[in-house]
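Remarks on the structure that follows.
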Amino acid sequence: IALGGWYSQGFTCAAVEGKLVCWGDNSGSSFGVDTAKQSGTPMAGARLPAALIQVAAGSQFACGLLETGGVRCWGPGYFGQLGDGQMVSTGAPVQVSGLTRGATQLAGGVEHMCALTDAGKVLCWGSNRDGQVGIGDVPEAATPETPEGLEESVVAIYASDWSSCAL
């Protein structure tokens, strides 16, 4: 289960039997569909090309980890948080650049997302205004970047509002 939103735009999404289910505020296309602005009960979210095994959320946007190891994201993308190289929003899931397979875990913050790969590497994208992507003084990354200084093999990741951590 992933809790998303910031300020008043709260939503929740879950992977249920390989499919995306969401409820709450969908005003930013947080569910990956351009229907209902709000839903007090779980409804079907984005249709994905493979079974969903994990969903992670930020402020109005979310990303899904597929059983193939690929990652798709949807919602607002103005800080590059969809990871597709664009800085635009979309109600439909987009493929995260370079993550068509190999991802094993996702962790989302307010305006950024990180993925852990089966090789123990961390990739992050989105807003870096507070250093949460780990790429120096660059304000954002529209495609996945390896945080500086993470040369060792990582076993787990965590992200919160404006921070990211690796174990």
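Just remember, in the structure tokens the first chain shown is A, the second B, etc., residues are 1-based per chain, and ligands are 1-based in the order shown.
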Residues within 12 Å of A:Phe79, only C-alpha atoms, excluding chain neighbours under 6 positions, as a list in words: Gly58, Ser59, Phe61, Gly85, Gln86, Met87, Val88, Ser89, Val110, Glu111, His112, Met113, Trp125, Gly126, Ser127, Asn128, Arg129, Val133, Val138, Pro139, Glu140, Ala141, Ala142 and Thr143 of chain A
Exercise: stretch 66-70 of chain A partners within 12 Å, only C-alpha atoms, chain neighbours under 5 positions left out, as an MDAnalysis selection string: chainID A and resid 15 17:20 47:56 93:106 115:119
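If only C-alpha atoms are the atoms counted, then among A:Ala2, A:Phe31, A:Lys121, A:Tyr78 the closest residue to A:Gly149 is A:Lys121.
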